[in-house]
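This is structure-v8.cif (mmCIF, C-alpha atoms).
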data_entry
loop_
_atom_site.label_atom_id
_atom_site.label_comp_id
_atom_site.auth_asym_id
_atom_site.auth_seq_id
_atom_site.Cartn_x
_atom_site.Cartn_y
_atom_site.Cartn_z
CA MET B 24 15.83 28.96 9.79
CA ASP B 25 15.13 27.71 6.25
CA THR B 26 12.86 30.19 4.49
CA HIS B 27 12.81 28.49 1.10
CA SER B 28 9.35 27.85 -0.34
CA PRO B 29 8.66 24.33 -1.68
CA ALA B 30 8.85 25.78 -5.22
CA ASP B 31 12.47 26.90 -4.93
CA GLU B 32 14.17 24.67 -2.32
CA HIS B 33 15.39 22.33 -5.11
CA PRO B 34 16.59 23.07 -8.67
CA ARG B 35 13.98 21.01 -10.57
CA LYS B 36 10.49 22.47 -10.99
CA ALA B 37 7.69 20.05 -10.12
CA PHE B 38 3.92 20.21 -10.13
CA GLY B 39 1.40 18.24 -8.15
CA TRP B 40 -1.75 18.42 -6.07
CA ALA B 41 -1.46 19.07 -2.34
CA ALA B 42 -3.63 19.37 0.75
CA ARG B 43 -2.93 22.50 2.75
CA ASP B 44 -4.99 21.95 5.91
CA PRO B 45 -7.01 19.23 7.73
CA SER B 46 -10.01 19.75 5.44
CA GLY B 47 -8.00 17.40 3.21
CA VAL B 48 -9.01 19.26 0.05
CA LEU B 49 -6.36 18.86 -2.64
CA SER B 50 -5.53 21.55 -5.20
CA PRO B 51 -2.75 22.38 -7.70
CA PHE B 52 0.65 22.99 -6.12
CA ASN B 53 4.01 24.13 -7.48
CA PHE B 54 7.04 22.66 -5.73
CA SER B 55 10.49 21.31 -6.66
CA ARG B 56 12.49 18.09 -6.74
CA ARG B 57 16.22 17.62 -6.23
CA ALA B 58 18.43 17.08 -9.26
CA PRO B 59 19.39 13.39 -9.39
CA GLU B 60 22.46 12.66 -7.28
CA GLU B 61 24.88 9.87 -8.17
CA LYS B 62 22.66 7.03 -6.89
CA ASP B 63 19.32 8.66 -7.79
CA VAL B 64 16.78 7.73 -10.43
CA ALA B 65 14.40 10.37 -11.82
CA PHE B 66 11.20 9.30 -13.53
CA LYS B 67 8.11 10.72 -15.15
CA VAL B 68 5.08 9.71 -13.10
CA LEU B 69 2.44 8.00 -15.26
CA TYR B 70 0.01 6.66 -12.62
CA CYS B 71 -0.42 6.87 -8.86
CA GLY B 72 -2.80 4.82 -6.74
CA ILE B 73 -4.95 6.36 -4.01
CA CYS B 74 -4.38 4.54 -0.73
CA HIS B 75 -6.49 4.78 2.43
CA THR B 76 -3.37 6.16 4.12
CA ASP B 77 -3.52 9.14 1.75
CA LEU B 78 -7.01 9.91 3.05
CA HIS B 79 -5.81 9.72 6.67
CA MET B 80 -2.76 11.87 5.94
CA VAL B 81 -4.48 14.71 4.06
CA LYS B 82 -6.90 15.05 7.00
CA ASN B 83 -4.12 14.69 9.61
CA GLU B 84 -5.93 11.76 11.25
CA PHE B 85 -2.61 10.28 12.45
CA ASP B 86 -1.48 13.64 13.92
CA LEU B 87 1.65 13.36 11.76
CA THR B 88 0.87 15.56 8.77
CA VAL B 89 3.01 18.56 7.85
CA TYR B 90 1.21 20.82 5.38
CA PRO B 91 1.33 21.32 2.47
CA VAL B 92 1.36 17.58 1.75
CA VAL B 93 1.53 15.93 -1.69
CA PRO B 94 0.25 12.37 -1.07
CA GLY B 95 0.78 9.20 -3.07
CA HIS B 96 2.92 6.12 -2.42
CA GLU B 97 1.78 3.79 -5.20
CA ILE B 98 3.79 5.52 -7.91
CA VAL B 99 4.72 4.13 -11.33
CA GLY B 100 6.34 5.69 -14.35
CA GLU B 101 9.22 5.74 -16.82
CA VAL B 102 12.86 6.58 -16.05
CA THR B 103 14.03 9.89 -17.54
CA GLU B 104 17.45 10.26 -15.92
CA VAL B 105 19.89 8.26 -13.78
CA GLY B 106 22.81 9.32 -11.58
CA SER B 107 26.41 8.46 -12.49
CA LYS B 108 26.63 5.50 -10.09
CA VAL B 109 23.22 3.94 -10.76
CA THR B 110 23.63 0.31 -11.84
CA LYS B 111 20.12 -1.19 -11.73
CA PHE B 112 18.16 1.14 -14.02
CA LYS B 113 18.45 3.02 -17.30
CA VAL B 114 16.44 5.66 -19.13
CA GLY B 115 13.16 4.22 -20.43
CA ASP B 116 12.77 1.52 -17.74
CA ARG B 117 9.33 0.96 -16.17
CA VAL B 118 9.67 1.59 -12.44
CA GLY B 119 7.78 2.23 -9.23
CA VAL B 120 8.16 3.69 -5.75
CA GLY B 121 6.12 2.46 -2.80
CA CYS B 122 5.82 3.65 0.79
CA LEU B 123 9.41 4.56 1.60
CA VAL B 124 12.31 6.42 -0.02
CA GLY B 125 15.02 6.21 2.64
CA SER B 126 16.44 4.45 5.70
CA CYS B 127 19.67 4.44 7.68
CA GLY B 128 21.19 1.61 5.64
CA SER B 129 23.17 0.15 8.54
CA CYS B 130 20.84 -1.15 11.28
CA ASP B 131 19.80 -4.81 11.66
CA ASP B 132 16.54 -4.22 9.81
CA CYS B 133 18.27 -2.53 6.87
CA ASN B 134 20.92 -5.28 6.79
CA ASN B 135 18.12 -7.87 6.77
CA ASN B 136 16.30 -6.16 3.86
CA VAL B 137 13.33 -5.02 5.95
CA GLU B 138 13.99 -1.30 5.68
CA ILE B 139 10.36 -0.51 6.52
CA TYR B 140 11.14 -1.37 10.19
CA CYS B 141 14.27 0.84 10.33
CA PRO B 142 13.87 3.44 13.12
CA LYS B 143 15.11 6.08 10.64
CA MET B 144 12.90 4.94 7.74
CA ILE B 145 11.80 7.86 5.53
CA LEU B 146 8.27 7.81 4.14
CA THR B 147 7.64 8.70 0.50
CA TYR B 148 5.68 11.77 1.47
CA GLY B 149 5.26 14.01 4.49
CA ALA B 150 8.60 13.05 6.05
CA LYS B 151 11.97 14.76 6.45
CA TYR B 152 14.57 13.55 3.92
CA HIS B 153 18.32 13.23 4.61
CA ASP B 154 18.82 16.82 3.37
CA GLY B 155 16.23 18.22 5.76
CA THR B 156 13.54 18.95 3.16
CA MET B 157 10.08 17.36 3.15
CA THR B 158 9.33 14.40 0.88
CA HIS B 159 6.50 14.74 -1.64
CA GLY B 160 4.53 11.82 -3.09
CA GLY B 161 3.17 10.68 -6.40
CA TYR B 162 0.24 13.02 -6.98
CA SER B 163 2.83 14.85 -9.07
CA ASP B 164 4.43 14.90 -12.50
CA THR B 165 7.94 13.72 -11.55
CA MET B 166 9.68 11.65 -8.90
CA VAL B 167 13.30 11.27 -7.75
CA ALA B 168 14.51 8.51 -5.42
CA ASP B 169 17.64 6.57 -4.55
CA GLU B 170 17.86 3.48 -6.76
CA HIS B 171 17.72 1.21 -3.69
CA PHE B 172 14.12 2.31 -3.15
CA ILE B 173 13.03 1.87 -6.78
CA VAL B 174 11.23 -1.27 -7.97
CA ARG B 175 11.34 -2.57 -11.55
CA ILE B 176 7.89 -3.22 -13.05
CA PRO B 177 7.92 -6.25 -15.40
CA ASP B 178 6.78 -5.56 -18.97
CA ASN B 179 3.73 -7.83 -18.81
CA LEU B 180 2.14 -5.93 -15.89
CA PRO B 181 -0.03 -2.97 -16.92
CA LEU B 182 1.34 0.06 -15.07
CA ASP B 183 -2.02 1.41 -13.92
CA ALA B 184 -3.19 -1.86 -12.33
CA ALA B 185 0.30 -2.61 -10.96
CA ALA B 186 0.55 0.69 -9.05
CA PRO B 187 -1.55 -0.39 -6.03
CA LEU B 188 0.60 -3.49 -5.58
CA LEU B 189 3.38 -1.20 -4.31
CA CYS B 190 1.36 -0.65 -1.12
CA ALA B 191 -1.74 -2.87 -1.01
CA GLY B 192 0.04 -5.78 -2.69
CA ILE B 193 3.13 -5.88 -0.48
CA THR B 194 1.04 -5.22 2.66
CA VAL B 195 -0.67 -8.60 2.21
CA TYR B 196 2.11 -10.50 0.41
CA SER B 197 4.66 -9.87 3.19
CA PRO B 198 2.63 -11.39 6.08
CA LEU B 199 1.49 -14.32 3.92
CA ARG B 200 5.18 -15.14 3.44
CA TYR B 201 6.63 -14.12 6.82
CA TYR B 202 4.04 -15.92 8.95
CA GLY B 203 4.00 -18.95 6.63
CA LEU B 204 0.24 -18.63 6.20
CA VAL B 205 0.11 -20.16 2.76
CA LYS B 206 1.51 -23.55 2.04
CA PRO B 207 -0.18 -25.69 -0.62
CA GLY B 208 -3.47 -26.86 0.86
CA ALA B 209 -3.46 -24.39 3.75
CA HIS B 210 -6.77 -22.67 4.47
CA VAL B 211 -6.53 -18.88 4.84
CA GLY B 212 -9.17 -16.36 5.86
CA VAL B 213 -9.21 -12.82 4.47
CA VAL B 214 -11.20 -10.32 6.55
CA GLY B 215 -12.53 -7.37 4.55
CA LEU B 216 -12.88 -7.26 0.78
CA GLY B 217 -11.49 -3.83 -0.10
CA GLY B 218 -8.25 -2.53 -1.56
CA LEU B 219 -6.11 -4.85 0.57
CA GLY B 220 -8.49 -7.78 0.85
CA HIS B 221 -9.10 -8.30 -2.85
CA VAL B 222 -5.37 -8.59 -3.59
CA ALA B 223 -4.87 -10.83 -0.54
CA VAL B 224 -7.35 -13.28 -2.08
CA LYS B 225 -5.45 -13.26 -5.38
CA PHE B 226 -2.01 -13.76 -3.80
CA ALA B 227 -3.19 -16.49 -1.41
CA LYS B 228 -4.83 -18.41 -4.26
CA ALA B 229 -1.72 -18.07 -6.45
CA MET B 230 0.38 -19.44 -3.57
CA GLY B 231 -1.75 -22.59 -3.54
CA GLY B 232 -4.03 -21.86 -0.61
CA LYS B 233 -7.73 -22.36 -0.03
CA VAL B 234 -9.32 -18.97 0.73
CA THR B 235 -12.37 -17.97 2.76
CA VAL B 236 -13.46 -14.32 2.65
CA ILE B 237 -15.01 -12.92 5.86
CA SER B 238 -17.06 -9.76 5.31
CA THR B 239 -19.83 -7.68 6.85
CA SER B 240 -21.43 -7.37 3.38
CA PRO B 241 -23.45 -10.36 2.13
CA ASN B 242 -23.68 -8.71 -1.30
CA LYS B 243 -19.92 -9.24 -1.80
CA LYS B 244 -20.24 -13.03 -1.85
CA ASN B 245 -20.66 -13.38 -5.61
CA GLU B 246 -17.81 -10.97 -6.24
CA ALA B 247 -15.49 -12.86 -3.87
CA ILE B 248 -16.16 -16.29 -5.29
CA GLU B 249 -16.97 -15.70 -8.95
CA ASN B 250 -14.62 -12.80 -9.76
CA LEU B 251 -11.75 -13.12 -7.31
CA GLY B 252 -11.63 -16.90 -6.98
CA ALA B 253 -12.27 -17.34 -3.26
CA ASP B 254 -13.39 -20.81 -2.18
CA ALA B 255 -15.87 -19.77 0.51
CA PHE B 256 -17.53 -16.71 2.04
CA LEU B 257 -18.65 -15.97 5.59
CA VAL B 258 -20.86 -13.09 6.67
CA SER B 259 -19.32 -11.89 9.93
CA SER B 260 -22.70 -11.09 11.48
CA ASN B 261 -24.15 -14.53 10.69
CA GLN B 262 -23.61 -16.60 13.85
CA ASP B 263 -24.64 -19.87 12.19
CA GLU B 264 -22.05 -19.44 9.42
CA LEU B 265 -19.33 -18.56 11.92
CA GLU B 266 -20.25 -21.47 14.18
CA ALA B 267 -20.00 -23.89 11.28
CA ALA B 268 -16.52 -22.62 10.42
CA VAL B 269 -14.98 -22.74 13.94
CA SER B 270 -11.43 -24.22 13.95
CA THR B 271 -11.19 -24.49 10.15
CA LEU B 272 -8.58 -21.83 9.23
CA ASP B 273 -4.79 -22.14 9.43
CA GLY B 274 -4.33 -18.39 9.29
CA ILE B 275 -6.20 -15.13 8.82
CA ILE B 276 -5.18 -11.81 7.26
CA ASP B 277 -7.34 -9.09 8.82
CA THR B 278 -7.41 -5.99 6.58
CA VAL B 279 -10.16 -4.10 8.44
CA SER B 280 -9.28 -0.67 9.84
CA ALA B 281 -12.61 -0.08 11.63
CA GLN B 282 -13.44 -1.26 15.16
CA HIS B 283 -14.38 -4.95 15.12
CA PRO B 284 -14.32 -7.89 17.57
CA LEU B 285 -11.36 -10.28 17.38
CA LEU B 286 -12.87 -13.21 19.31
CA PRO B 287 -15.01 -14.52 16.39
CA LEU B 288 -11.88 -14.51 14.21
CA ILE B 289 -9.71 -16.23 16.82
CA ASN B 290 -12.41 -18.91 17.10
CA LEU B 291 -12.18 -19.59 13.36
CA LEU B 292 -8.51 -20.55 13.73
CA LYS B 293 -7.33 -24.11 14.20
CA SER B 294 -4.95 -24.79 17.09
CA HIS B 295 -1.60 -23.04 16.42
CA GLY B 296 -3.34 -20.73 13.94
CA LYS B 297 -2.24 -17.14 13.30
CA LEU B 298 -4.34 -13.99 13.08
CA VAL B 299 -2.35 -11.20 11.39
CA LEU B 300 -3.61 -7.61 11.50
CA VAL B 301 -2.68 -5.29 8.62
CA GLY B 302 -5.53 -2.77 9.05
CA ALA B 303 -4.99 -0.11 11.72
CA PRO B 304 -8.09 0.86 13.72
CA LYS B 305 -7.77 4.23 15.45
CA MET B 306 -8.80 2.85 18.86
CA PRO B 307 -7.33 -0.24 20.58
CA LEU B 308 -9.10 -3.53 19.93
CA GLU B 309 -10.07 -5.87 22.75
CA LEU B 310 -7.85 -8.96 22.83
CA PRO B 311 -9.30 -12.08 24.52
CA VAL B 312 -6.30 -13.98 25.87
CA LEU B 313 -7.75 -17.30 27.09
CA PRO B 314 -8.58 -18.61 23.58
CA LEU B 315 -4.99 -17.81 22.55
CA ILE B 316 -3.60 -19.81 25.46
CA LEU B 317 -5.97 -22.77 25.01
CA GLY B 318 -5.27 -23.03 21.29
CA ARG B 319 -1.62 -21.85 21.25
CA LYS B 320 -2.79 -19.22 18.78
CA LEU B 321 -0.93 -16.12 17.70
CA VAL B 322 -2.07 -12.56 17.02
CA GLY B 323 0.50 -10.53 15.08
CA GLY B 324 0.88 -7.48 12.91
CA SER B 325 2.68 -6.61 9.71
CA SER B 326 3.55 -3.48 7.79
CA ILE B 327 4.68 -3.43 4.16
CA GLY B 328 7.79 -5.39 3.17
CA GLY B 329 11.37 -4.32 2.47
CA LEU B 330 12.58 -3.47 -1.01
CA LYS B 331 13.92 -6.94 -1.81
CA GLU B 332 10.57 -8.50 -0.91
CA THR B 333 8.64 -5.78 -2.77
CA GLN B 334 10.53 -6.66 -5.96
CA GLU B 335 9.89 -10.36 -5.28
CA MET B 336 6.16 -9.57 -4.86
CA ILE B 337 5.99 -7.63 -8.14
CA ASP B 338 7.80 -10.44 -9.99
CA PHE B 339 5.43 -13.01 -8.44
CA ALA B 340 2.46 -10.86 -9.50
CA ALA B 341 3.80 -10.69 -13.06
CA LYS B 342 4.33 -14.46 -13.18
CA HIS B 343 0.77 -15.13 -11.95
CA ASN B 344 -0.93 -12.21 -13.73
CA ILE B 345 -2.01 -10.60 -10.45
CA THR B 346 -3.10 -6.97 -10.62
CA ALA B 347 -5.35 -4.75 -8.54
CA ASP B 348 -8.94 -4.15 -9.70
CA ILE B 349 -8.93 -0.44 -10.39
CA GLU B 350 -10.96 2.59 -11.40
CA VAL B 351 -8.75 5.07 -13.28
CA VAL B 352 -9.59 8.73 -12.62
CA PRO B 353 -8.25 12.13 -13.74
CA ILE B 354 -6.40 14.29 -11.20
CA ASP B 355 -9.21 16.84 -11.03
CA TYR B 356 -11.49 14.04 -9.75
CA VAL B 357 -9.19 13.35 -6.80
CA ASN B 358 -11.31 15.10 -4.13
CA THR B 359 -14.42 13.20 -5.24
CA ALA B 360 -12.38 9.97 -5.25
CA MET B 361 -11.27 10.66 -1.66
CA GLU B 362 -14.88 11.26 -0.64
CA ARG B 363 -15.95 7.98 -2.27
CA LEU B 364 -13.01 6.12 -0.72
CA SER B 365 -14.12 7.28 2.73
CA LYS B 366 -17.42 5.50 2.04
CA ALA B 367 -15.74 2.40 0.55
CA ASP B 368 -17.37 3.26 -2.78
CA VAL B 369 -14.71 1.81 -5.08
CA LYS B 370 -13.87 -1.59 -6.55
CA TYR B 371 -11.22 -1.74 -5.30
CA ARG B 372 -8.60 0.94 -5.82
CA PHE B 373 -8.60 4.36 -7.44
CA VAL B 374 -5.61 5.10 -9.67
CA ILE B 375 -4.90 8.62 -10.93
CA ASP B 376 -3.94 8.95 -14.60
CA ILE B 377 -1.15 11.43 -13.92
CA ALA B 378 0.43 11.47 -17.39
CA ASN B 379 -2.73 12.38 -19.28
CA THR B 380 -4.51 14.62 -16.77
CA MET B 381 -1.86 16.37 -14.61
CA LYS B 382 -1.38 19.68 -16.40
CA VAL B 383 0.77 22.45 -14.95
CA SER B 384 -1.91 24.92 -16.03
CA SER B 385 -4.50 23.13 -13.83
#

Write the structure described by the file as structure tokens, please.
Amino acid sequence: MDTHSPADEHPRKAFGWAARDPSGVLSPFNFSRRAPEEKDVAFKVLYCGICHTDLHMVKNEFDLTVYPVVPGHEIVGEVTEVGSKVTKFKVGDRVGVGCLVGSCGSCDDCNNNVEIYCPKMILTYGAKYHDGTMTHGGYSDTMVADEHFIVRIPDNLPLDAAAPLLCAGITVYSPLRYYGLVKPGAHVGVVGLGGLGHVAVKFAKAMGGKVTVISTSPNKKNEAIENLGADAFLVSSNQDELEAAVSTLDGIIDTVSAQHPLLPLINLLKSHGKLVLVGAPKMPLELPVLPLILGRKLVGGSSIGGLKETQEMIDFAAKHNITADIEVVPIDYVNTAMERLSKADVKYRFVIDIANTMKVSS
């Protein structure tokens, strides 16, 4: 049995903040990273976004968490060292790591550049790596990953506001592309205007679509239309508004992770329309089948994208000046940020300033 502590299982000292039990409270944590192997890239972490998944994981709400856990899978920074066989990156490059750091490399999904669906996919934190040790995320001062799982961040994207694109951005970009939801002139609905929803609006508009935001909060209308560029806004509890919009949408991206009815959304779709779920409610949702049959409509799901598509998404974001709307916080604010995130009290993504506030003496 391996008795190594996280601080001495690898040769490189590392420092981060970890949760140690289902209270989810994070505190300073000494651990270690592997020395870069021949295909590895090591980088200094500058910023890390706080994703809703982090909140679920620190509290073990998916029943998957192994403590202690260092969260964070929206990680950006600057390369400090590369292995002898690394070809894509050099010291000083601006890079990022998203939700995964490993896969089998040989299955159909890996061969088709959708590593996220590989049965042996390795998550960026809280998962067992090839060497048997646990992976640790970006609430930390350094990161090491195989170059295949590293994304280059274009120079014109600010690192702090680009960080959330590595999870929130690709989570909405991938289904927009895969399901063909946005062709010029297509009309897309975005359900929920939070961390995922606000970037979905930006990507769908940049792809040439017309966008309607569907929200439970009437007070988000001005924000959706004036600030994010949506074309229309529906309050999901307003039956008159929903009735007027029946059969008007070609596709819908549903980002909501709370319980909510699907029938009103299915009714908004035109015939052959697609409702794609990217939020993950804890309990099963009720699926009315007859409207799907009568309208040849589709309900699907989507996770993040593979690495090739993640790089494509970041390059598209740079070309169209798409970033997340963020609130930058110091690491010692992280527990308060988690509390606020649980109440949806953020516009629209917290990002931790790791470089300036993560001190080993914390």

### Answer key for the PyMOL selection byres ((chain B and resi 307) around 12), residues as a VMD selection string
chain B and resid 280 to 285 302 to 306 308 to 310

### Task
Check the smallest atom-to-atom distance from each of B:Gly192, B:Gly203, B:Pro353, B:Gly274 to Ser326 of chain B using all atoms listed in the file, then report the winner.
B:Gly192

### Evaluate the PyMOL selection byres ((chain B and resi 253-260) around 8) and report residues as a ChimeraX atom specification
/B:224,228,233-241,244,247-249,251-252,261-262,264-265

### Task
Please evaluate the PyMOL selection byres ((chain B and resi 352) around 10) against the displayed coordinates and give the resulting residues as number ranges by chain.
B: 70, 72, 349-351, 353-357, 359-360, 373-377, 380

### Message
For a test of reading the model, state the distance in Å between atom CA of Cys74 of chain B and atom CA of Leu204 of chain B, rounded to one decimal.
### Response
24.6 Å

### Task
May I have the residues within 6 Å of segment 176-188 of chain B as a ChimeraX atom specification, using only C-alpha atoms and disregarding those fewer than 4 positions away in the same chain?
/B:70,72,97-99,117-118,192,341,346-347

Those same residues - C-alpha atoms - I'd like them written as an mmCIF file, keeping the file's coordinate frame.
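Listing of result.cif after writing:
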data_model
loop_
_atom_site.group_PDB
_atom_site.id
_atom_site.type_symbol
_atom_site.label_atom_id
_atom_site.label_comp_id
_atom_site.auth_asym_id
_atom_site.auth_seq_id
_atom_site.Cartn_x
_atom_site.Cartn_y
_atom_site.Cartn_z
ATOM 1 C CA TYR B 70 0.010 6.660 -12.620
ATOM 2 C CA GLY B 72 -2.800 4.820 -6.740
ATOM 3 C CA GLU B 97 1.780 3.790 -5.200
ATOM 4 C CA ILE B 98 3.790 5.520 -7.910
ATOM 5 C CA VAL B 99 4.720 4.130 -11.330
ATOM 6 C CA ARG B 117 9.330 0.960 -16.170
ATOM 7 C CA VAL B 118 9.670 1.590 -12.440
ATOM 8 C CA GLY B 192 0.040 -5.780 -2.690
ATOM 9 C CA ALA B 341 3.800 -10.690 -13.060
ATOM 10 C CA THR B 346 -3.100 -6.970 -10.620
ATOM 11 C CA ALA B 347 -5.350 -4.750 -8.540
#

Let me have the centre and edge lengths of the axis-aligned box enclosing all listed atoms of segment 139-146 of chain B with 6 Å padding on every side, in Å to one decimal, as JSON.
{"center_x": 11.7, "center_y": 3.2, "center_z": 8.6, "size_x": 18.8, "size_y": 21.2, "size_z": 21.0}

### Message
Between atom CA of Leu189 of chain B and atom CA of Asn242 of chain B, what distance in Å does the model show, to one decimal?
### Response
28.2 Å

### Task
Quick one: pull the distance between atom CA of Ile145 of chain B and atom CA of Thr103 of chain B, Å, one decimal.
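Computing the Euclidean distance for atom CA of Ile145 of chain B and atom CA of Thr103 of chain B yields 23.3 Å.
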
### Query
So, counting all atoms listed in the file, which residue among B:Ala367, B:Met144, B:Leu292, B:Val174 is closest to Ala209 of chain B?
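Distance minimum relative to Ala209 of chain B lands on B:Leu292.
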
### Task
Excluding segment 121-129 of chain B and any residue of its chain fewer than 6 positions from it, enumerate the residues within 10 Å of it, using all atoms listed in the file, and give them as a ChimeraX atom specification.
/B:71,95-99,135-148,150-153,158,160-161,167-174,186-191,193,327-330,333

For Trp40 of chain B, find every residue with an atom within 9 Å (counting all atoms listed in the file), except residues of its own chain fewer than 2 positions away, and show them as a short mmCIF file (atom, residue, chain, number, x, y, z; two decimals) with C-alpha atoms, keeping the file's coordinate frame.
data_model
loop_
_atom_site.label_atom_id
_atom_site.label_comp_id
_atom_site.auth_asym_id
_atom_site.auth_seq_id
_atom_site.Cartn_x
_atom_site.Cartn_y
_atom_site.Cartn_z
CA PHE B 38 3.92 20.21 -10.13
CA ALA B 42 -3.63 19.37 0.75
CA LEU B 49 -6.36 18.86 -2.64
CA SER B 50 -5.53 21.55 -5.20
CA PRO B 51 -2.75 22.38 -7.70
CA PHE B 52 0.65 22.99 -6.12
CA ASN B 53 4.01 24.13 -7.48
CA VAL B 92 1.36 17.58 1.75
CA VAL B 93 1.53 15.93 -1.69
CA PRO B 94 0.25 12.37 -1.07
CA TYR B 162 0.24 13.02 -6.98
CA SER B 163 2.83 14.85 -9.07
CA ILE B 354 -6.40 14.29 -11.20
CA MET B 381 -1.86 16.37 -14.61
#

### Message
Measuring between all atoms listed in the file, which one of B:Asp154, B:Ile345, B:Arg372, B:Ser107 shows the shortest distance to Ala223 of chain B?
### Response
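Among B:Asp154, B:Ile345, B:Arg372, B:Ser107, it is B:Ile345 that comes nearest to Ala223 of chain B.
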
### All residues 10 Å or closer to Ser325 of chain B, all atoms listed in the file, same chain fewer than 4 positions away omitted, as a ChimeraX atom specification
/B:140,194-195,197-199,201-202,276,299-302

### Query
Quick one: residues within 12 Å of Val105 of chain B, all atoms listed in the file counted, chain neighbours fewer than 3 positions away excluded, as a PyMOL selection string?
chain B and resi 58-66+101-102+108-116+166-170+173

Just-selected residues, C-alpha atoms written as an mmCIF file, in the frame of the given file:
data_model
loop_
_atom_site.group_PDB
_atom_site.id
_atom_site.type_symbol
_atom_site.label_atom_id
_atom_site.label_comp_id
_atom_site.auth_asym_id
_atom_site.auth_seq_id
_atom_site.Cartn_x
_atom_site.Cartn_y
_atom_site.Cartn_z
ATOM 1 C CA ALA B 58 18.430 17.080 -9.260
ATOM 2 C CA PRO B 59 19.390 13.390 -9.390
ATOM 3 C CA GLU B 60 22.460 12.660 -7.280
ATOM 4 C CA GLU B 61 24.880 9.870 -8.170
ATOM 5 C CA LYS B 62 22.660 7.030 -6.890
ATOM 6 C CA ASP B 63 19.320 8.660 -7.790
ATOM 7 C CA VAL B 64 16.780 7.730 -10.430
ATOM 8 C CA ALA B 65 14.400 10.370 -11.820
ATOM 9 C CA PHE B 66 11.200 9.300 -13.530
ATOM 10 C CA GLU B 101 9.220 5.740 -16.820
ATOM 11 C CA VAL B 102 12.860 6.580 -16.050
ATOM 12 C CA LYS B 108 26.630 5.500 -10.090
ATOM 13 C CA VAL B 109 23.220 3.940 -10.760
ATOM 14 C CA THR B 110 23.630 0.310 -11.840
ATOM 15 C CA LYS B 111 20.120 -1.190 -11.730
ATOM 16 C CA PHE B 112 18.160 1.140 -14.020
ATOM 17 C CA LYS B 113 18.450 3.020 -17.300
ATOM 18 C CA VAL B 114 16.440 5.660 -19.130
ATOM 19 C CA GLY B 115 13.160 4.220 -20.430
ATOM 20 C CA ASP B 116 12.770 1.520 -17.740
ATOM 21 C CA MET B 166 9.680 11.650 -8.900
ATOM 22 C CA VAL B 167 13.300 11.270 -7.750
ATOM 23 C CA ALA B 168 14.510 8.510 -5.420
ATOM 24 C CA ASP B 169 17.640 6.570 -4.550
ATOM 25 C CA GLU B 170 17.860 3.480 -6.760
ATOM 26 C CA ILE B 173 13.030 1.870 -6.780
#

What would segment 267-278 of chain B look like with N, CA and C atoms restored, written as a CSV table (one decimal), in the coordinates of the input?
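And here is the file that came out, selection.csv:
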chain,number,residue,atom,x,y,z
B,267,ALA,N,-20.3,-22.7,12.1
B,267,ALA,CA,-20.0,-23.9,11.3
B,267,ALA,C,-18.5,-23.9,10.8
B,268,ALA,N,-17.9,-22.7,10.9
B,268,ALA,CA,-16.5,-22.6,10.4
B,268,ALA,C,-15.5,-22.6,11.5
B,269,VAL,N,-15.9,-22.8,12.8
B,269,VAL,CA,-15.0,-22.7,13.9
B,269,VAL,C,-13.8,-23.8,13.7
B,270,SER,N,-12.6,-23.3,14.0
B,270,SER,CA,-11.4,-24.2,14.0
B,270,SER,C,-11.2,-24.8,12.6
B,271,THR,N,-11.4,-24.0,11.5
B,271,THR,CA,-11.2,-24.5,10.2
B,271,THR,C,-10.1,-23.8,9.4
B,272,LEU,N,-9.6,-22.6,10.0
B,272,LEU,CA,-8.6,-21.8,9.2
B,272,LEU,C,-7.2,-22.0,9.9
B,273,ASP,N,-6.2,-22.1,9.0
B,273,ASP,CA,-4.8,-22.1,9.4
B,273,ASP,C,-4.3,-20.8,9.8
B,274,GLY,N,-4.8,-19.8,9.1
B,274,GLY,CA,-4.3,-18.4,9.3
B,274,GLY,C,-5.4,-17.4,8.8
B,275,ILE,N,-5.3,-16.2,9.3
B,275,ILE,CA,-6.2,-15.1,8.8
B,275,ILE,C,-5.4,-13.8,8.6
B,276,ILE,N,-5.7,-13.2,7.5
B,276,ILE,CA,-5.2,-11.8,7.3
B,276,ILE,C,-6.4,-10.9,7.5
B,277,ASP,N,-6.2,-10.0,8.5
B,277,ASP,CA,-7.3,-9.1,8.8
B,277,ASP,C,-7.0,-7.7,8.3
B,278,THR,N,-7.7,-7.3,7.2
B,278,THR,CA,-7.4,-6.0,6.6
B,278,THR,C,-8.3,-4.8,7.1
